[in-house]
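For reference, model_5.pdb (PDB, C-alpha atoms, pLDDT in the B column):
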```pdb
ATOM      1  CA  MET A  25     -22.848  60.586 -17.539  1.00 49.00           C
ATOM      2  CA  SER A  26     -24.772  58.169 -15.409  1.00 52.00           C
ATOM      3  CA  ALA A  27     -26.621  55.051 -16.508  1.00 53.00           C
ATOM      4  CA  PRO A  28     -30.405  55.381 -16.660  1.00 53.00           C
ATOM      5  CA  ASN A  29     -32.404  53.657 -13.937  1.00 54.00           C
ATOM      6  CA  LEU A  30     -33.612  50.299 -15.137  1.00 48.00           C
ATOM      7  CA  ILE A  31     -37.329  49.539 -14.818  1.00 50.00           C
ATOM      8  CA  ASP A  32     -38.942  46.203 -15.627  1.00 49.00           C
ATOM      9  CA  ASP A  33     -41.471  46.157 -18.457  1.00 51.00           C
ATOM     10  CA  TRP A  34     -44.212  44.662 -16.295  1.00 45.00           C
ATOM     11  CA  VAL A  35     -44.159  47.527 -13.764  1.00 50.00           C
ATOM     12  CA  ASP A  36     -47.021  50.027 -14.068  1.00 55.00           C
ATOM     13  CA  PRO A  37     -45.484  53.468 -14.797  1.00 57.00           C
ATOM     14  CA  LYS A  38     -47.995  55.154 -12.479  1.00 58.00           C
ATOM     15  CA  GLU A  39     -46.712  53.197  -9.443  1.00 55.00           C
ATOM     16  CA  LYS A  40     -43.863  54.634  -7.408  1.00 54.00           C
ATOM     17  CA  VAL A  41     -40.785  52.541  -8.259  1.00 51.00           C
ATOM     18  CA  TYR A  42     -37.802  52.403  -5.918  1.00 50.00           C
ATOM     19  CA  THR A  43     -34.600  51.905  -7.801  1.00 57.00           C
ATOM     20  CA  LEU A  44     -31.070  51.461  -6.589  1.00 52.00           C
ATOM     21  CA  ASN A  45     -28.204  53.651  -7.598  1.00 58.00           C
ATOM     22  CA  PRO A  46     -26.064  51.690 -10.150  1.00 59.00           C
ATOM     23  CA  ASP A  47     -22.881  52.445  -8.119  1.00 60.00           C
ATOM     24  CA  VAL A  48     -24.383  50.771  -5.042  1.00 53.00           C
ATOM     25  CA  ILE A  49     -25.361  47.738  -7.115  1.00 53.00           C
ATOM     26  CA  ALA A  50     -21.816  47.498  -8.514  1.00 52.00           C
ATOM     27  CA  GLU A  51     -20.324  47.565  -5.007  1.00 55.00           C
ATOM     28  CA  MET A  52     -22.684  44.842  -3.811  1.00 50.00           C
ATOM     29  CA  GLU A  53     -21.730  42.641  -6.767  1.00 49.00           C
ATOM     30  CA  ILE A  54     -18.010  43.154  -6.153  1.00 50.00           C
ATOM     31  CA  ASP A  55     -18.108  42.524  -2.383  1.00 51.00           C
ATOM     32  CA  GLN A  56     -20.212  39.385  -2.530  1.00 54.00           C
ATOM     33  CA  PRO A  57     -17.858  37.177  -4.610  1.00 55.00           C
ATOM     34  CA  GLU A  58     -14.851  37.997  -2.401  1.00 58.00           C
ATOM     35  CA  ILE A  59     -16.601  36.506   0.627  1.00 60.00           C
ATOM     36  CA  GLU A  60     -17.699  33.509  -1.448  1.00 67.00           C
ATOM     37  CA  ASP A  61     -14.146  33.106  -2.828  1.00 72.00           C
ATOM     38  CA  ASP A  62     -12.677  33.051   0.690  1.00 73.00           C
ATOM     39  CA  VAL A  63     -15.176  30.392   1.794  1.00 74.00           C
ATOM     40  CA  ALA A  64     -14.561  28.369  -1.384  1.00 77.00           C
ATOM     41  CA  ASN A  65     -10.764  28.632  -0.953  1.00 82.00           C
ATOM     42  CA  GLU A  66     -10.970  27.540   2.692  1.00 84.00           C
ATOM     43  CA  LYS A  67     -13.141  24.605   1.696  1.00 86.00           C
ATOM     44  CA  LYS A  68     -10.745  23.611  -1.108  1.00 86.00           C
ATOM     45  CA  THR A  69      -7.737  23.888   1.208  1.00 85.00           C
ATOM     46  CA  LYS A  70      -9.477  21.777   3.854  1.00 87.00           C
ATOM     47  CA  GLN A  71     -10.427  19.113   1.288  1.00 88.00           C
ATOM     48  CA  LYS A  72      -6.876  19.065  -0.077  1.00 89.00           C
ATOM     49  CA  LEU A  73      -5.446  18.572   3.432  1.00 89.00           C
ATOM     50  CA  GLU A  74      -7.956  15.790   4.098  1.00 91.00           C
ATOM     51  CA  ARG A  75      -6.876  14.036   0.886  1.00 91.00           C
ATOM     52  CA  LEU A  76      -3.219  14.403   1.893  1.00 90.00           C
ATOM     53  CA  GLU A  77      -3.968  12.929   5.340  1.00 92.00           C
ATOM     54  CA  ILE A  78      -5.742   9.969   3.712  1.00 92.00           C
ATOM     55  CA  LYS A  79      -2.694   9.327   1.526  1.00 92.00           C
ATOM     56  CA  ALA A  80      -0.380   9.496   4.553  1.00 93.00           C
ATOM     57  CA  LYS A  81      -2.611   6.994   6.386  1.00 93.00           C
ATOM     58  CA  LYS A  82      -2.547   4.680   3.340  1.00 92.00           C
ATOM     59  CA  ALA A  83       1.258   4.861   3.292  1.00 93.00           C
ATOM     60  CA  ILE A  84       1.382   3.868   6.985  1.00 93.00           C
ATOM     61  CA  LEU A  85      -1.068   0.995   6.399  1.00 93.00           C
ATOM     62  CA  TYR A  86       0.964  -0.274   3.439  1.00 93.00           C
ATOM     63  CA  ALA A  87       4.101  -0.131   5.584  1.00 93.00           C
ATOM     64  CA  GLY A  88       2.266  -2.349   8.087  1.00 93.00           C
ATOM     65  CA  ASP A  89       1.468  -4.767   5.257  1.00 93.00           C
ATOM     66  CA  VAL A  90       5.178  -4.893   4.385  1.00 93.00           C
ATOM     67  CA  ALA A  91       5.971  -5.884   7.981  1.00 93.00           C
ATOM     68  CA  TYR A  92       3.292  -8.595   7.880  1.00 94.00           C
ATOM     69  CA  LEU A  93       4.502  -9.989   4.530  1.00 94.00           C
ATOM     70  CA  THR A  94       8.105 -10.013   5.746  1.00 94.00           C
ATOM     71  CA  ALA A  95       7.101 -11.950   8.871  1.00 94.00           C
ATOM     72  CA  ALA A  96       5.183 -14.404   6.677  1.00 94.00           C
ATOM     73  CA  SER A  97       8.245 -14.913   4.453  1.00 95.00           C
ATOM     74  CA  VAL A  98      10.405 -15.582   7.540  1.00 94.00           C
ATOM     75  CA  VAL A  99       7.867 -18.174   8.736  1.00 95.00           C
ATOM     76  CA  ALA A 100       7.870 -19.812   5.278  1.00 95.00           C
ATOM     77  CA  MET A 101      11.682 -19.959   5.311  1.00 94.00           C
ATOM     78  CA  ARG A 102      11.646 -21.545   8.784  1.00 95.00           C
ATOM     79  CA  ARG A 103       9.158 -24.176   7.594  1.00 95.00           C
ATOM     80  CA  ALA A 104      11.316 -24.874   4.534  1.00 95.00           C
ATOM     81  CA  LEU A 105      14.298 -25.312   6.850  1.00 94.00           C
ATOM     82  CA  THR A 106      12.323 -27.704   9.071  1.00 94.00           C
ATOM     83  CA  ALA A 107      11.307 -29.722   6.006  1.00 94.00           C
ATOM     84  CA  SER A 108      14.940 -29.830   4.810  1.00 94.00           C
ATOM     85  CA  ILE A 109      16.060 -31.180   8.204  1.00 93.00           C
ATOM     86  CA  GLU A 110      13.375 -33.849   7.851  1.00 93.00           C
ATOM     87  CA  VAL A 111      14.764 -34.700   4.397  1.00 92.00           C
ATOM     88  CA  GLN A 112      18.323 -35.007   5.772  1.00 90.00           C
ATOM     89  CA  MET A 113      17.232 -37.247   8.654  1.00 90.00           C
ATOM     90  CA  SER A 114      15.084 -39.464   6.404  1.00 88.00           C
ATOM     91  CA  VAL A 115      17.872 -39.895   3.822  1.00 88.00           C
ATOM     92  CA  LYS A 116      20.429 -40.594   6.546  1.00 86.00           C
ATOM     93  CA  TYR A 117      18.178 -43.196   8.162  1.00 85.00           C
ATOM     94  CA  ALA A 118      17.386 -44.753   4.748  1.00 83.00           C
ATOM     95  CA  LYS A 119      21.099 -45.230   4.037  1.00 82.00           C
ATOM     96  CA  ASN A 120      22.130 -46.371   7.514  1.00 83.00           C
ATOM     97  CA  GLY A 121      18.957 -48.047   8.763  1.00 74.00           C
ATOM     98  CA  MET A 122      17.408 -51.395   8.053  1.00 70.00           C
ATOM     99  CA  SER A 123      16.909 -52.248   4.395  1.00 71.00           C
ATOM    100  CA  ASN A 124      13.139 -52.873   4.767  1.00 75.00           C
ATOM    101  CA  HIS A 125      12.655 -49.227   5.909  1.00 79.00           C
ATOM    102  CA  GLN A 126      14.701 -47.738   3.086  1.00 82.00           C
ATOM    103  CA  ASP A 127      11.802 -47.132   0.635  1.00 83.00           C
ATOM    104  CA  LEU A 128       9.604 -45.705   3.368  1.00 85.00           C
ATOM    105  CA  MET A 129      12.278 -43.270   4.505  1.00 87.00           C
ATOM    106  CA  MET A 130      13.046 -42.131   0.951  1.00 87.00           C
ATOM    107  CA  ASN A 131       9.316 -41.514   0.378  1.00 89.00           C
ATOM    108  CA  LEU A 132       9.253 -39.435   3.568  1.00 89.00           C
ATOM    109  CA  ALA A 133      12.287 -37.532   2.306  1.00 90.00           C
ATOM    110  CA  LYS A 134      10.553 -36.806  -1.029  1.00 91.00           C
ATOM    111  CA  THR A 135       7.394 -35.622   0.745  1.00 93.00           C
ATOM    112  CA  ALA A 136       9.456 -33.331   2.978  1.00 93.00           C
ATOM    113  CA  ALA A 137      11.317 -32.000  -0.074  1.00 93.00           C
ATOM    114  CA  GLN A 138       7.981 -31.184  -1.727  1.00 93.00           C
ATOM    115  CA  GLN A 139       6.952 -29.360   1.437  1.00 93.00           C
ATOM    116  CA  ALA A 140      10.207 -27.374   1.369  1.00 94.00           C
ATOM    117  CA  GLY A 141       9.419 -26.454  -2.246  1.00 93.00           C
ATOM    118  CA  LYS A 142       5.930 -25.243  -1.310  1.00 94.00           C
ATOM    119  CA  GLU A 143       7.326 -23.121   1.504  1.00 94.00           C
ATOM    120  CA  ALA A 144       9.968 -21.656  -0.819  1.00 94.00           C
ATOM    121  CA  LYS A 145       7.201 -20.762  -3.293  1.00 94.00           C
ATOM    122  CA  SER A 146       5.236 -19.133  -0.468  1.00 94.00           C
ATOM    123  CA  ALA A 147       8.275 -17.123   0.653  1.00 94.00           C
ATOM    124  CA  THR A 148       8.855 -15.969  -2.925  1.00 94.00           C
ATOM    125  CA  SER A 149       5.239 -14.857  -3.400  1.00 94.00           C
ATOM    126  CA  LYS A 150       5.375 -12.946  -0.086  1.00 93.00           C
ATOM    127  CA  SER A 151       8.613 -11.295  -1.194  1.00 93.00           C
ATOM    128  CA  LEU A 152       7.107 -10.220  -4.537  1.00 93.00           C
ATOM    129  CA  ALA A 153       4.003  -8.898  -2.779  1.00 93.00           C
ATOM    130  CA  CYS A 154       6.285  -7.040  -0.391  1.00 93.00           C
ATOM    131  CA  GLU A 155       7.992  -5.358  -3.331  1.00 92.00           C
ATOM    132  CA  ARG A 156       4.674  -4.193  -4.801  1.00 93.00           C
ATOM    133  CA  VAL A 157       3.377  -2.945  -1.439  1.00 94.00           C
ATOM    134  CA  ILE A 158       6.555  -1.004  -0.554  1.00 93.00           C
ATOM    135  CA  LYS A 159       6.275   0.792  -3.912  1.00 93.00           C
ATOM    136  CA  LEU A 160       2.701   1.795  -3.036  1.00 93.00           C
ATOM    137  CA  ALA A 161       3.793   2.930   0.423  1.00 94.00           C
ATOM    138  CA  LEU A 162       6.550   5.088  -1.100  1.00 92.00           C
ATOM    139  CA  LYS A 163       4.140   6.520  -3.679  1.00 93.00           C
ATOM    140  CA  TYR A 164       1.549   7.519  -1.065  1.00 93.00           C
ATOM    141  CA  THR A 165       4.242   8.946   1.220  1.00 93.00           C
ATOM    142  CA  ALA A 166       5.488  11.176  -1.598  1.00 92.00           C
ATOM    143  CA  GLN A 167       1.935  12.234  -2.474  1.00 91.00           C
ATOM    144  CA  SER A 168       1.082  13.099   1.138  1.00 89.00           C
ATOM    145  CA  LYS A 169       3.681  15.874   1.414  1.00 89.00           C
ATOM    146  CA  GLY A 170       2.115  18.690   3.423  1.00 87.00           C
ATOM    147  CA  ALA A 171      -0.059  16.420   5.588  1.00 87.00           C
ATOM    148  CA  LYS A 172       0.366  16.402   9.368  1.00 89.00           C
ATOM    149  CA  LEU A 173       1.009  12.650   9.281  1.00 89.00           C
ATOM    150  CA  ASN A 174       3.565  12.909   6.461  1.00 89.00           C
ATOM    151  CA  HIS A 175       6.608  12.836   8.771  1.00 91.00           C
ATOM    152  CA  VAL A 176       5.184   9.733  10.508  1.00 92.00           C
ATOM    153  CA  ALA A 177       4.560   8.061   7.141  1.00 91.00           C
ATOM    154  CA  ASN A 178       8.099   8.955   6.034  1.00 91.00           C
ATOM    155  CA  ARG A 179       9.654   7.443   9.134  1.00 92.00           C
ATOM    156  CA  VAL A 180       7.562   4.275   9.100  1.00 92.00           C
ATOM    157  CA  VAL A 181       8.081   3.634   5.379  1.00 91.00           C
ATOM    158  CA  MET A 182      11.836   4.241   5.593  1.00 92.00           C
ATOM    159  CA  ASP A 183      12.049   1.786   8.498  1.00 90.00           C
ATOM    160  CA  THR A 184      10.168  -0.873   6.514  1.00 92.00           C
ATOM    161  CA  LEU A 185      12.455  -0.655   3.470  1.00 90.00           C
ATOM    162  CA  SER A 186      14.918  -2.958   5.229  1.00 91.00           C
ATOM    163  CA  LEU A 187      12.066  -5.392   5.900  1.00 91.00           C
ATOM    164  CA  ALA A 188      11.337  -5.612   2.174  1.00 90.00           C
ATOM    165  CA  THR A 189      15.011  -6.478   1.625  1.00 91.00           C
ATOM    166  CA  LEU A 190      14.783  -9.116   4.368  1.00 93.00           C
ATOM    167  CA  ALA A 191      11.731 -10.674   2.686  1.00 93.00           C
ATOM    168  CA  LYS A 192      13.693 -10.946  -0.560  1.00 92.00           C
ATOM    169  CA  SER A 193      16.586 -12.606   1.292  1.00 93.00           C
ATOM    170  CA  MET A 194      14.184 -15.092   2.894  1.00 93.00           C
ATOM    171  CA  ALA A 195      12.869 -16.001  -0.563  1.00 94.00           C
ATOM    172  CA  PHE A 196      16.400 -16.682  -1.866  1.00 93.00           C
ATOM    173  CA  VAL A 197      17.363 -18.736   1.209  1.00 94.00           C
ATOM    174  CA  SER A 198      14.112 -20.735   1.032  1.00 94.00           C
ATOM    175  CA  SER A 199      14.701 -21.506  -2.645  1.00 94.00           C
ATOM    176  CA  ASP A 200      18.242 -22.737  -1.913  1.00 93.00           C
ATOM    177  CA  ILE A 201      16.973 -24.913   0.931  1.00 93.00           C
ATOM    178  CA  ALA A 202      14.219 -26.388  -1.265  1.00 93.00           C
ATOM    179  CA  ILE A 203      16.608 -27.136  -4.149  1.00 92.00           C
ATOM    180  CA  ASN A 204      19.149 -28.825  -1.840  1.00 91.00           C
ATOM    181  CA  SER A 205      16.365 -30.831  -0.186  1.00 91.00           C
ATOM    182  CA  LEU A 206      15.140 -32.009  -3.566  1.00 90.00           C
ATOM    183  CA  TYR A 207      18.639 -33.153  -4.562  1.00 90.00           C
ATOM    184  CA  GLN A 208      19.023 -35.036  -1.262  1.00 87.00           C
ATOM    185  CA  ALA A 209      15.596 -36.661  -1.470  1.00 87.00           C
ATOM    186  CA  THR A 210      16.094 -37.872  -5.038  1.00 85.00           C
ATOM    187  CA  ASP A 211      19.710 -38.817  -4.407  1.00 73.00           C
ATOM    188  CA  VAL A 212      20.810 -36.767  -7.421  1.00 62.00           C
ATOM    189  CA  LYS A 213      24.085 -34.885  -7.261  1.00 65.00           C
ATOM    190  CA  PRO A 214      23.686 -31.125  -7.725  1.00 62.00           C
ATOM    191  CA  PRO A 215      25.570 -29.543 -10.669  1.00 63.00           C
ATOM    192  CA  SER A 216      29.013 -28.354  -9.671  1.00 59.00           C
TER     193      SER A 216
END
```
Please re-express this file's structure in structure tokens.
Amino acid sequence: MSAPNLIDDWVDPKEKVYTLNPDVIAEMEIDQPEIEDDVANEKKTKQKLERLEIKAKKAILYAGDVAYLTAASVVAMRRALTASIEVQMSVKYAKNGMSNHQDLMMNLAKTAAQQAGKEAKSATSKSLACERVIKLALKYTAQSKGAKLNHVANRVVMDTLSLATLAKSMAFVSSDIAINSLYQATDVKPPS
């Protein structure tokens, strides 16, 4: 039993109407979506790979930020150390120098101690930022699995993990330096 040929209502029955065999129509409808599905799948796959590549690039960029923040924390620690040396020299000169320079030297020591404190605060903020950024770098590296740049992102991020640890160490050292400088500048004995 075959389906009757379909004719539109608006067609004049006296005109010669060319109709297609229903089997041919069915084949055309089946073949068409397969081609469209292949194109759609290719497009989806390409878009997915592009998104993965973007995530891998973000991971690499965040790893670069970790390196920058670590360097900034090292610089802050060095400045705190310089300020602490200034505190030591000022206190030493205040105690051993002429009495009329004593107040001036102690004021210089206090100013240097404040500077050491600022640098310690800077090192700590860089260290905390480093921690947040390394987490983002790790997240994007994990999410970029399958991307061509994923192995590069993996390597770079793994290498920067030690830098994040270094930044944290710089923050601790800077804080110790600042606290000791403050005790020296105020001539208060630290708790034992």
Item checked: Ground truth for the PyMOL selection byres ((chain A and resi 83-89) around 6), written as a ChimeraX atom specification -> /A:80-82,90-92,161,164-165,177,181
Notebook entry, point to check: So what do you get for atom CA of A:Ala188 versus atom CA of A:Ser149, distance-wise?
Noted result: 12.4 Å
Next item on the list: Kindly extract all protein, DNA and RNA residues lying within 12 Å of the coordinates (10.5, -28.7, -4.7) given in the file, considering all atoms listed in the file, and supply them as a PyMOL selection string.
Entry: chain A and resi 104+107-108+111+133-146+198-210
Notebook entry, point to check: Residues at most 12 Å from A:Ser186, counting only C-alpha atoms, excluding those fewer than 6 positions away in the same chain, as JSON, numbers by chain?
Noted result: {"A": [87, 90, 91, 94, 154, 155, 158, 180, 192, 193]}
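Counting from atom CA of A:Lys116, the distance to atom CA of A:Ser97 is 28.5 Å.
The interatomic distance for the pair atom CA of A:Asn174 and atom CA of A:Glu77 works out to 7.6 Å.
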Notebook entry, point to check: Applied to this file, what does the PyMOL selection byres ((chain A and resi 63-76) around 9) return in terms of residues, put as a PyMOL selection string?
Noted result: chain A and resi 58-62+77-81+164+167-174
